[in-house]
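*Asks:* PDB, C-alpha atoms and all ligand atoms, file start07.pdb:
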ATOM      1  CA  MET A 185       1.010  21.774   8.601
ATOM      2  CA  THR A 186       2.593  18.425   9.237
ATOM      3  CA  ASP A 187       5.178  16.614   7.133
ATOM      4  CA  VAL A 188       2.409  14.270   6.011
ATOM      5  CA  VAL A 189       0.439  17.174   4.568
ATOM      6  CA  SER A 190       3.491  18.553   2.722
ATOM      7  CA  LEU A 191       3.846  15.207   0.941
ATOM      8  CA  TYR A 192       0.420  15.669  -0.707
ATOM      9  CA  VAL A 193       1.481  17.488  -3.839
ATOM     10  CA  ASN A 194      -0.567  18.670  -6.791
ATOM     11  CA  ASP A 195       2.055  18.397  -9.534
ATOM     12  CA  GLY A 196      -0.473  19.231 -12.254
ATOM     13  CA  LEU A 197       0.670  16.445 -14.581
ATOM     14  CA  PRO A 198      -1.582  15.902 -17.622
ATOM     15  CA  GLU A 199      -3.104  12.423 -17.972
ATOM     16  CA  GLU A 200      -0.950  11.613 -21.016
ATOM     17  CA  GLU A 201       2.222  12.345 -19.057
ATOM     18  CA  ILE A 202       1.021  10.187 -16.149
ATOM     19  CA  ALA A 203       0.358   7.348 -18.599
ATOM     20  CA  ARG A 204       3.791   7.824 -20.183
ATOM     21  CA  GLN A 205       5.528   7.685 -16.802
ATOM     22  CA  ALA A 206       3.496   4.637 -15.724
ATOM     23  CA  ALA A 207       4.507   2.828 -18.923
ATOM     24  CA  LEU A 208       8.160   3.792 -18.401
ATOM     25  CA  TYR A 209       8.701   3.241 -14.674
ATOM     26  CA  GLY A 210       6.206   0.411 -14.019
ATOM     27  CA  PRO A 211       8.211  -2.127 -16.043
ATOM     28  CA  LEU A 212      11.423  -0.974 -14.310
ATOM     29  CA  ALA A 213       9.873  -1.855 -10.937
ATOM     30  CA  GLU A 214       8.782  -5.219 -12.398
ATOM     31  CA  ASP A 215      12.362  -5.920 -13.506
ATOM     32  CA  ILE A 216      13.739  -5.043 -10.071
ATOM     33  CA  ARG A 217      11.010  -7.135  -8.386
ATOM     34  CA  ALA A 218      11.896 -10.135 -10.542
ATOM     35  CA  LEU A 219      15.476  -9.955  -9.238
ATOM     36  CA  ILE A 220      14.412 -10.524  -5.622
ATOM     37  CA  PRO A 221      13.461 -14.221  -5.971
ATOM     38  CA  LEU A 222      16.585 -14.720  -8.129
ATOM     39  CA  GLY A 223      18.721 -13.291  -5.327
ATOM     40  CA  ILE A 224      17.360 -16.108  -3.182
ATOM     41  CA  SER A 225      17.193 -18.957  -5.659
ATOM     42  CA  SER A 226      19.941 -18.469  -8.278
ATOM     43  CA  ARG A 227      22.556 -21.224  -8.433
ATOM     44  CA  ALA A 228      24.888 -19.232 -10.695
ATOM     45  CA  ASP A 229      28.580 -19.910 -10.093
ATOM     46  CA  ASP A 230      31.277 -17.498  -8.909
ATOM     47  CA  ASP A 231      32.071 -16.059 -12.330
ATOM     48  CA  GLU A 232      28.408 -15.693 -13.316
ATOM     49  CA  ILE A 233      27.572 -13.904 -10.076
ATOM     50  CA  ARG A 234      30.532 -11.555 -10.555
ATOM     51  CA  ARG A 235      29.328 -10.728 -14.090
ATOM     52  CA  ALA A 236      25.710 -10.299 -13.009
ATOM     53  CA  ARG A 237      26.817  -7.890 -10.280
ATOM     54  CA  GLU A 238      28.806  -5.843 -12.797
ATOM     55  CA  HIS A 239      25.666  -5.466 -14.937
ATOM     56  CA  LEU A 240      23.614  -4.460 -11.902
ATOM     57  CA  ALA A 241      26.260  -1.900 -10.902
ATOM     58  CA  ALA A 242      26.092  -0.433 -14.429
ATOM     59  CA  ALA A 243      22.292  -0.176 -14.198
ATOM     60  CA  THR A 244      22.553   1.432 -10.772
ATOM     61  CA  GLU A 245      24.991   4.004 -12.119
ATOM     62  CA  ILE A 246      22.516   4.994 -14.866
ATOM     63  CA  LEU A 247      19.481   5.096 -12.564
ATOM     64  CA  GLU A 248      21.084   7.284  -9.920
ATOM     65  CA  ARG A 249      22.223   9.984 -12.362
ATOM     66  CA  ARG A 250      18.879  11.781 -12.080
ATOM     67  CA  ARG A 251      16.643  11.087  -9.110
ATOM     68  CA  ASP A 252      14.171  12.734  -6.735
ATOM     69  CA  SER A 253      15.173  13.184  -3.138
ATOM     70  CA  GLY A 254      13.033  11.689  -0.388
ATOM     71  CA  PRO A 255       9.859   9.613  -0.577
ATOM     72  CA  PHE A 256       7.399   9.746  -3.472
ATOM     73  CA  GLY A 257       4.530  10.895  -1.247
ATOM     74  CA  THR A 258       1.042  11.286  -2.683
ATOM     75  CA  ARG A 259       0.881  13.224  -5.934
ATOM     76  CA  PHE A 260      -2.275  14.285  -7.709
ATOM     77  CA  ASN A 261      -3.529  16.535 -10.486
ATOM     78  CA  ASP A 262      -6.513  18.825 -10.973
ATOM     79  CA  ALA A 263      -8.539  15.886 -12.338
ATOM     80  CA  GLY A 264      -8.184  14.198  -8.926
ATOM     81  CA  HIS A 265      -5.939  11.439 -10.230
ATOM     82  CA  PHE A 266      -3.976  10.318  -7.145
ATOM     83  CA  ARG A 267      -0.632   8.524  -7.433
ATOM     84  CA  THR A 268       0.963   6.688  -4.527
ATOM     85  CA  TRP A 269       3.677   5.087  -6.619
ATOM     86  CA  GLY A 270       6.064   4.628  -3.688
ATOM     87  CA  ASN A 271       3.507   2.771  -1.525
ATOM     88  CA  ALA A 272       5.039  -0.356   0.054
ATOM     89  CA  ALA A 273       1.985  -2.512  -0.713
ATOM     90  CA  ALA A 274       0.611  -1.109  -3.950
ATOM     91  CA  GLY A 275       3.111   1.362  -5.409
ATOM     92  CA  LEU A 276       3.570   1.169  -9.186
ATOM     93  CA  ARG A 277       7.238   2.147  -8.817
ATOM     94  CA  ASN A 278       7.943   0.086  -5.709
ATOM     95  CA  ALA A 279       9.633  -3.283  -6.338
ATOM     96  CA  VAL A 280       9.047  -4.223  -2.688
ATOM     97  CA  ALA A 281       5.268  -4.109  -3.248
ATOM     98  CA  PRO A 282       3.673  -7.430  -4.400
ATOM     99  CA  PRO A 283       2.056  -5.130  -5.879
ATOM    100  CA  LEU A 284      -1.609  -5.043  -4.925
ATOM    101  CA  GLU A 285      -4.129  -3.934  -7.521
ATOM    102  CA  VAL A 286      -7.179  -3.133  -5.439
ATOM    103  CA  HIS A 287     -10.654  -3.216  -7.022
ATOM    104  CA  THR A 288     -13.910  -1.788  -5.700
ATOM    105  CA  ASP A 289     -17.331  -3.401  -6.026
ATOM    106  CA  PRO A 290     -20.498  -1.281  -6.227
ATOM    107  CA  ASP A 291     -21.380  -2.293  -2.654
ATOM    108  CA  GLY A 292     -18.107  -0.825  -1.323
ATOM    109  CA  ARG A 293     -16.295  -4.127  -0.884
ATOM    110  CA  VAL A 294     -12.669  -3.850  -1.975
ATOM    111  CA  TRP A 295     -10.634  -6.852  -3.079
ATOM    112  CA  THR A 296      -7.395  -7.881  -4.686
ATOM    113  CA  ASP A 297      -6.011 -11.068  -6.194
ATOM    114  CA  PHE A 298      -2.255 -10.934  -5.761
ATOM    115  CA  HIS A 299       0.881 -13.045  -5.864
ATOM    116  CA  LEU A 300       3.534 -13.384  -3.177
ATOM    117  CA  HIS A 301       6.871 -14.664  -4.470
ATOM    118  CA  ILE A 302       9.433 -16.512  -2.351
ATOM    119  CA  GLY A 303      10.876 -13.232  -1.106
ATOM    120  CA  TYR A 304       7.867 -12.894   1.216
ATOM    121  CA  GLU A 305       8.672 -16.052   3.137
ATOM    122  CA  GLY A 306       8.306 -16.236   6.924
ATOM    123  CA  PRO A 307       7.747 -19.740   8.276
ATOM    124  CA  ALA A 308       9.261 -22.255   5.833
ATOM    125  CA  GLY A 309       7.365 -22.121   2.558
ATOM    126  CA  HIS A 310       4.722 -19.744   3.921
ATOM    127  CA  THR A 311       3.956 -16.033   4.002
ATOM    128  CA  HIS A 312       5.599 -13.873   6.663
ATOM    129  CA  GLY A 313       2.971 -12.682   9.163
ATOM    130  CA  GLY A 314       4.181  -9.103   8.822
ATOM    131  CA  VAL A 315       3.621  -9.264   5.080
ATOM    132  CA  SER A 316       0.034 -10.394   5.698
ATOM    133  CA  ALA A 317      -0.321  -7.365   7.978
ATOM    134  CA  LEU A 318       1.065  -5.133   5.214
ATOM    135  CA  VAL A 319      -1.503  -6.455   2.751
ATOM    136  CA  LEU A 320      -4.416  -6.182   5.170
ATOM    137  CA  ASP A 321      -3.418  -2.694   6.328
ATOM    138  CA  GLN A 322      -3.546  -1.543   2.726
ATOM    139  CA  VAL A 323      -6.783  -3.295   1.776
ATOM    140  CA  LEU A 324      -8.660  -2.332   4.941
ATOM    141  CA  GLY A 325      -7.354   1.245   4.613
ATOM    142  CA  ASP A 326      -8.645   1.341   1.054
ATOM    143  CA  ALA A 327     -12.072   0.120   2.233
ATOM    144  CA  ALA A 328     -12.193   2.974   4.754
ATOM    145  CA  ARG A 329     -11.257   5.474   2.030
ATOM    146  CA  VAL A 330     -13.750   4.042  -0.471
ATOM    147  CA  GLY A 331     -16.390   4.166   2.287
ATOM    148  CA  GLY A 332     -15.811   7.924   2.576
ATOM    149  CA  SER A 333     -13.641   7.945   5.703
ATOM    150  CA  PRO A 334      -9.931   7.850   4.784
ATOM    151  CA  GLY A 335      -7.594   7.718   7.722
ATOM    152  CA  MET A 336      -4.425   6.521   9.347
ATOM    153  CA  THR A 337      -4.368   3.039  10.796
ATOM    154  CA  GLY A 338      -5.110   3.450  14.518
ATOM    155  CA  THR A 339      -5.501  -0.210  15.408
ATOM    156  CA  LEU A 340      -5.097  -3.290  13.244
ATOM    157  CA  THR A 341      -6.041  -6.599  14.871
ATOM    158  CA  LEU A 342      -5.159  -9.839  13.097
ATOM    159  CA  ARG A 343      -6.081 -13.423  13.764
ATOM    160  CA  TYR A 344      -3.784 -15.865  11.976
ATOM    161  CA  ARG A 345      -6.098 -18.842  11.622
ATOM    162  CA  LYS A 346      -3.857 -21.083   9.579
ATOM    163  CA  PRO A 347      -0.533 -20.698   7.778
ATOM    164  CA  THR A 348      -0.776 -18.537   4.673
ATOM    165  CA  PRO A 349       0.860 -20.157   1.656
ATOM    166  CA  LEU A 350       3.015 -18.221  -0.764
ATOM    167  CA  GLY A 351       1.774 -17.833  -4.339
ATOM    168  CA  ASP A 352      -1.661 -16.731  -5.504
ATOM    169  CA  LEU A 353      -3.809 -15.191  -2.763
ATOM    170  CA  HIS A 354      -6.959 -13.114  -2.344
ATOM    171  CA  ALA A 355      -7.681 -10.311   0.109
ATOM    172  CA  GLU A 356     -10.819  -8.299   0.674
ATOM    173  CA  ALA A 357     -12.301  -5.791   3.104
ATOM    174  CA  LYS A 358     -15.490  -3.913   3.833
ATOM    175  CA  LEU A 359     -16.367  -0.852   5.866
ATOM    176  CA  ASP A 360     -18.497  -1.841   8.846
ATOM    177  CA  ARG A 361     -19.346   1.589  10.269
ATOM    178  CA  ILE A 362     -18.126   5.133  10.820
ATOM    179  CA  GLU A 363     -18.135   6.771  14.251
ATOM    180  CA  GLY A 364     -16.945  10.386  14.156
ATOM    181  CA  ARG A 365     -13.392  10.335  12.789
ATOM    182  CA  LYS A 366     -13.131   6.536  13.135
ATOM    183  CA  ALA A 367     -13.887   3.974  10.431
ATOM    184  CA  PHE A 368     -14.297   0.341  11.504
ATOM    185  CA  VAL A 369     -13.322  -2.137   8.807
ATOM    186  CA  THR A 370     -13.113  -5.934   8.554
ATOM    187  CA  GLY A 371     -11.385  -8.173   6.045
ATOM    188  CA  HIS A 372      -9.345 -11.265   5.392
ATOM    189  CA  ILE A 373      -6.706 -13.009   3.293
ATOM    190  CA  ALA A 374      -7.643 -16.323   1.681
ATOM    191  CA  GLY A 375      -5.526 -18.953  -0.054
ATOM    192  CA  PRO A 376      -6.627 -21.913  -2.170
ATOM    193  CA  ASP A 377      -7.851 -23.697   1.006
ATOM    194  CA  GLY A 378      -9.821 -20.813   2.456
ATOM    195  CA  ILE A 379      -9.349 -17.978   4.946
ATOM    196  CA  CYS A 380      -5.888 -17.774   6.539
ATOM    197  CA  VAL A 381      -5.893 -14.372   8.251
ATOM    198  CA  GLU A 382      -8.839 -12.350   9.574
ATOM    199  CA  ALA A 383      -8.521  -8.637  10.272
ATOM    200  CA  GLU A 384     -10.306  -5.821  12.049
ATOM    201  CA  GLY A 385      -9.086  -2.267  11.703
ATOM    202  CA  ILE A 386      -9.876   1.176  13.069
ATOM    203  CA  PHE A 387      -8.821   3.937  10.677
ATOM    204  CA  ILE A 388      -8.792   7.431  12.117
ATOM    205  CA  ALA A 389      -9.047  10.572  10.034
ATOM    206  CA  PRO A 390      -6.391  12.959  11.366
ATOM    207  CA  GLN A 391      -7.828  16.193  12.717
ATOM    208  CA  TRP A 392      -6.526  18.143   9.670
ATOM    209  CA  ILE A 393      -8.595  15.950   7.331
ATOM    210  CA  ALA A 394     -11.706  16.281   9.508
ATOM    211  CA  ASP A 395     -11.191  20.094   9.586
ATOM    212  CA  ALA A 396     -10.712  20.224   5.783
ATOM    213  CA  ARG A 397     -13.863  18.147   5.293
ATOM    214  CA  ALA A 398     -15.924  20.346   7.671
ATOM    215  CA  LYS A 399     -14.699  23.471   5.842
ATOM    216  CA  PHE A 400     -15.555  21.916   2.475
ATOM    217  CA  GLU A 401     -19.066  20.884   3.656
ATOM    218  CA  ALA A 402     -19.691  24.364   5.105
ATOM    219  CA  GLN A 403     -19.065  25.822   1.628
ATOM    220  CA  ASP A 404     -21.756  23.622   0.061
TER     221      ASP A 404
HETATM  222  C1  LIG B 501      -4.855  17.175   0.073
HETATM  223  C2  LIG B 501      -5.709  15.927  -0.012
HETATM  224  C3  LIG B 501      -5.624  15.068   1.235
HETATM  225  C4  LIG B 501      -6.433  13.772   1.193
HETATM  226  C5  LIG B 501      -6.005  12.915   2.397
HETATM  227  C6  LIG B 501      -6.708  11.612   2.519
HETATM  228  C7  LIG B 501      -6.267  10.591   3.340
HETATM  229  C8  LIG B 501      -4.971  10.560   4.080
HETATM  230  C9  LIG B 501      -4.932   9.585   5.199
HETATM  231  C10 LIG B 501      -4.662   8.273   5.050
HETATM  232  C11 LIG B 501      -4.452   7.604   3.760
HETATM  233  C12 LIG B 501      -5.637   6.778   3.330
HETATM  234  C13 LIG B 501      -5.573   5.479   2.958
HETATM  235  C14 LIG B 501      -4.392   4.671   3.313
HETATM  236  C15 LIG B 501      -4.242   3.458   2.523
HETATM  237  C16 LIG B 501      -3.607   2.377   3.048
HETATM  238  C17 LIG B 501      -3.419   2.095   4.500
HETATM  239  C18 LIG B 501      -2.055   2.329   5.006
HETATM  240  C19 LIG B 501      -2.226   3.089   6.273
HETATM  241  C20 LIG B 501      -1.026   3.193   7.109
HETATM  242  O1  LIG B 501      -0.087   2.456   7.034
HETATM  243  S1  LIG B 501      -1.032   4.443   8.245
HETATM  244  C21 LIG B 501       0.497   4.190   9.131
HETATM  245  C22 LIG B 501       0.325   3.541  10.463
HETATM  246  N1  LIG B 501      -0.432   4.379  11.378
HETATM  247  C23 LIG B 501       0.109   5.419  12.006
HETATM  248  O2  LIG B 501       1.275   5.736  11.870
HETATM  249  C24 LIG B 501      -0.819   6.191  12.910
HETATM  250  C25 LIG B 501      -0.036   6.973  13.954
HETATM  251  N2  LIG B 501      -0.989   7.578  14.863
HETATM  252  C26 LIG B 501      -1.554   8.770  14.600
HETATM  253  O3  LIG B 501      -1.249   9.458  13.640
HETATM  254  C27 LIG B 501      -2.593   9.202  15.577
HETATM  255  O4  LIG B 501      -2.451   8.542  16.793
HETATM  256  C28 LIG B 501      -4.042   8.949  15.025
HETATM  257  C29 LIG B 501      -4.285   9.840  13.788
HETATM  258  C30 LIG B 501      -4.254   7.481  14.674
HETATM  259  C31 LIG B 501      -5.030   9.343  16.103
HETATM  260  O5  LIG B 501      -4.605  10.585  16.589
HETATM  261  P1  LIG B 501      -5.668  11.699  16.987
HETATM  262  O6  LIG B 501      -4.914  12.794  17.695
HETATM  263  O7  LIG B 501      -6.463  12.111  15.814
HETATM  264  O8  LIG B 501      -6.567  10.889  18.020
HETATM  265  P2  LIG B 501      -7.426  11.404  19.226
HETATM  266  O9  LIG B 501      -6.662  11.212  20.493
HETATM  267  O10 LIG B 501      -7.951  12.785  18.940
HETATM  268  O11 LIG B 501      -8.627  10.347  19.245
HETATM  269  C32 LIG B 501      -9.682  10.370  18.267
HETATM  270  C33 LIG B 501     -10.544   9.157  18.517
HETATM  271  O12 LIG B 501      -9.820   7.974  18.101
HETATM  272  C34 LIG B 501      -9.574   7.098  19.219
HETATM  273  N3  LIG B 501      -8.205   6.610  19.047
HETATM  274  C35 LIG B 501      -7.067   7.311  19.069
HETATM  275  N4  LIG B 501      -6.036   6.557  18.780
HETATM  276  C36 LIG B 501      -6.539   5.325  18.521
HETATM  277  C37 LIG B 501      -5.951   4.113  18.124
HETATM  278  N5  LIG B 501      -4.646   4.009  17.912
HETATM  279  N6  LIG B 501      -6.743   3.032  17.928
HETATM  280  C38 LIG B 501      -8.076   3.136  18.117
HETATM  281  N7  LIG B 501      -8.703   4.268  18.492
HETATM  282  C39 LIG B 501      -7.919   5.348  18.699
HETATM  283  C40 LIG B 501      -9.761   7.942  20.431
HETATM  284  O13 LIG B 501     -10.156   7.164  21.536
HETATM  285  C41 LIG B 501     -10.839   8.904  19.983
HETATM  286  O14 LIG B 501     -12.102   8.220  20.015
HETATM  287  P3  LIG B 501     -13.441   8.998  20.471
HETATM  288  O15 LIG B 501     -13.613  10.139  19.506
HETATM  289  O16 LIG B 501     -14.508   7.962  20.353
HETATM  290  O17 LIG B 501     -13.165   9.449  21.835
END
Step by step, read the file and then write its structure as structure tokens.

*Replies:*
Amino acid sequence: MTDVVSLYVNDGLPEEEIARQAALYGPLAEDIRALIPLGISSRADDDEIRRAREHLAAATEILERRRDSGPFGTRFNDAGHFRTWGNAAAGLRNAVAPPLEVHTDPDGRVWTDFHLHIGYEGPAGHTHGGVSALVLDQVLGDAARVGGSPGMTGTLTLRYRKPTPLGDLHAEAKLDRIEGRKAFVTGHIAGPDGICVEAEGIFIAPQWIADARAKFEAQD
């Protein structure tokens, strides 16, 4: 067993409890996320910043009273409801995530319309190239999973065709083919003026997943 495997936990939460937690902690992440652009753009004066920091310190003191240790991991229940709430690109509880809400079409194409605030800046006024990679890693990985071949990113190749603006963007991906444990996926990010970044990815199912799948299929 690897550390990765031990972070897949069936915590048996009923659906109502999952919904309650989503409604409680999702808005907290939204509040924290909204602070990030303000940290960059606020023109508050010395006294206002001092007061704002006192309020934030008070909130921090409350939030750290009871907390889990370590990363969120992947949690699921008997109904097969998976939660990756700490995920850096899509996690419901992660203020760093844009967050991405990824949809699936009947033909297996996955897509997301998302918003990058000014905290994702790289070149002046534009999206950081590493943030584009974050988004495409997630969306292409989801396409591999939806296509029946979930895996770790082995290779992610990006072509930055033109600068990606900040603001409202679209990303999508589609499984091209599966070869053994490898899923080949393509996708892109588009802004209002068309495609900015093209991506190709190879997602590789770790041996433990391939073994689990073979065992499962042998039982059929
Ligand atoms: C209890 C329920 C569990 C359900 C679990 C379900 C899924 C879990 C898995 C993933 C989650 C799914 C979706 C994720 C969503 C979003 C995306 C975010 C993804 C990430 O953010 S993820 C972090 C970045 N990622 C890494 O941190 C990878 C580090 N790395 C490794 O963990 C290993 O390196 C690994 C596993 C990649 C390969 O290891 P390995 O030992 O299995 O590979 P091996 O040598 O056996 O090669 C087998 C065949 O792949 C070819 N090959 C090998 N390496 C290659 C490479 N890099 N590129 C292209 N081809 C490669 C060989 O050439 C051979 O090809 P051939 O069969 O044709 O000869």

*Asks:* At most 9 Å from (-10.2, 9.4, 8.7), file frame, only C-alpha atoms: which residues, as a list of chain:residue names?

*Replies:*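 Counting only C-alpha atoms, I find these residues within 9 Å of (-10.2, 9.4, 8.7): A:Ala328, A:Arg329, A:Gly332, A:Ser333, A:Pro334, A:Gly335, A:Met336, A:Thr337, A:Gly364, A:Arg365, A:Lys366, A:Ala367, A:Phe387, A:Ile388, A:Ala389, A:Pro390, A:Gln391, A:Ile393, A:Ala394.
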
*Asks:* Would you compute the distance between atom CA of A:Asp326 and atom CA of A:His301? Give it in Å to one decimal.

*Replies:*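 One can read the atom CA of A:Asp326 to atom CA of A:His301 distance as 23.0 Å.
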
*Asks:* Quick one: distance from atom CA of A:Gly314 to atom CA of A:Arg217 in Å, one decimal?

*Replies:*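 According to the coordinates, atom CA of A:Gly314 and atom CA of A:Arg217 are separated by 18.6 Å.
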
*Asks:* Mind pulling up the distance from atom CA of A:Gln322 to atom C14 of ligand LIG 501 (chain B)?

*Replies:*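 Distance reported for this atom pair: 6.3 Å.
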
*Asks:* Go through A:Lys346, A:His287, A:His265, A:Arg237 and flag the residue nearest A:His310, using all atoms listed in the file for the distances.

*Replies:*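 Residue with the minimum atom-to-atom distance to A:His310: A:Lys346.
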
*Asks:* Looking at all atoms listed in the file, which of A:Gly375, A:Gly331, A:Gly210, A:Pro307 is the one that sits closest to ligand LIG 501 (chain B)?

*Replies:*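 The shortest atom-to-atom distance to ligand LIG 501 (chain B) comes from A:Gly331.
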
*Asks:* Which residues, written as a list of chain:residue names, have at least one atom at most 9 Å from A:Leu342, with all atoms listed in the file counted and residues fewer than 5 positions away on the same chain left out?

*Replies:*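 Non-adjacent residues within range: A:Ala317, A:Leu320, A:His372, A:Val381, A:Glu382, A:Ala383, A:Glu384, A:Gly385.
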
*Asks:* Box along x, y and z, 6 Å on every side, all listed atoms of stretch 234-249 of chain A inside: centre and edge lengths in Å to one decimal, as AutoDock Vina command-line options.

*Replies:*
--center_x 25.0 --center_y -0.8 --center_z -12.4 --size_x 23.1 --size_y 33.5 --size_z 17.0

*Asks:* Skip stretch 189-195 of chain A itself and residues of its chain fewer than 2 positions away, then list as a tab-separated table (two decimals) with C-alpha atoms, in the frame of the given file all residues within 10 Å of it, counting all atoms listed in the file.

*Replies:*
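Below you can see out13.tsv, which holds the result:
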chain	number	residue	atom	x	y	z
A	185	MET	CA	1.01	21.77	8.60
A	186	THR	CA	2.59	18.42	9.24
A	187	ASP	CA	5.18	16.61	7.13
A	197	LEU	CA	0.67	16.44	-14.58
A	198	PRO	CA	-1.58	15.90	-17.62
A	254	GLY	CA	13.03	11.69	-0.39
A	255	PRO	CA	9.86	9.61	-0.58
A	256	PHE	CA	7.40	9.75	-3.47
A	257	GLY	CA	4.53	10.90	-1.25
A	258	THR	CA	1.04	11.29	-2.68
A	259	ARG	CA	0.88	13.22	-5.93
A	260	PHE	CA	-2.28	14.28	-7.71
A	261	ASN	CA	-3.53	16.54	-10.49
A	262	ASP	CA	-6.51	18.82	-10.97
A	264	GLY	CA	-8.18	14.20	-8.93
A	265	HIS	CA	-5.94	11.44	-10.23
A	266	PHE	CA	-3.98	10.32	-7.14
A	267	ARG	CA	-0.63	8.52	-7.43
A	268	THR	CA	0.96	6.69	-4.53
A	392	TRP	CA	-6.53	18.14	9.67
A	393	ILE	CA	-8.60	15.95	7.33

*Asks:* Using only C-alpha atoms and all ligand atoms for the distances, tell me which of A:Val323, A:Ala357, A:Ile379, A:Ile216 is nearest to ligand LIG 501 (chain B).

*Replies:*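 Checking each of A:Val323, A:Ala357, A:Ile379, A:Ile216 against ligand LIG 501 (chain B), counting only C-alpha atoms and all ligand atoms, the winner is A:Val323.
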
*Asks:* Could you list, as a PyMOL selection string, every residue within 9 Å of stretch 274-278 of chain A, counting all atoms listed in the file and ignoring same-chain residues fewer than 3 positions away?

*Replies:* chain A and resi 206+209-214+216-217+267-271+281-286+319+322

*Asks:* Could you check which of A:Trp295, A:Phe368, A:Phe400, A:Tyr304 is closest to A:Leu318, using all atoms listed in the file?

*Replies:* A:Tyr304

*Asks:* Pick out the residues sitting within 7 Å of A:His299, and hand them over as a ChimeraX atom specification; count only C-alpha atoms, and ignore anything fewer than 6 positions along from it in its own chain.

*Replies:* /A:282,351-353

*Asks:* Which residue is closest to ligand LIG 501 (chain B)? Choose from A:Ile373, A:Ala402, A:Ala308, A:Ala272 and count all atoms listed in the file.

*Replies:*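 Of A:Ile373, A:Ala402, A:Ala308, A:Ala272, the one nearest ligand LIG 501 (chain B) is A:Ala272, counting all atoms listed in the file.
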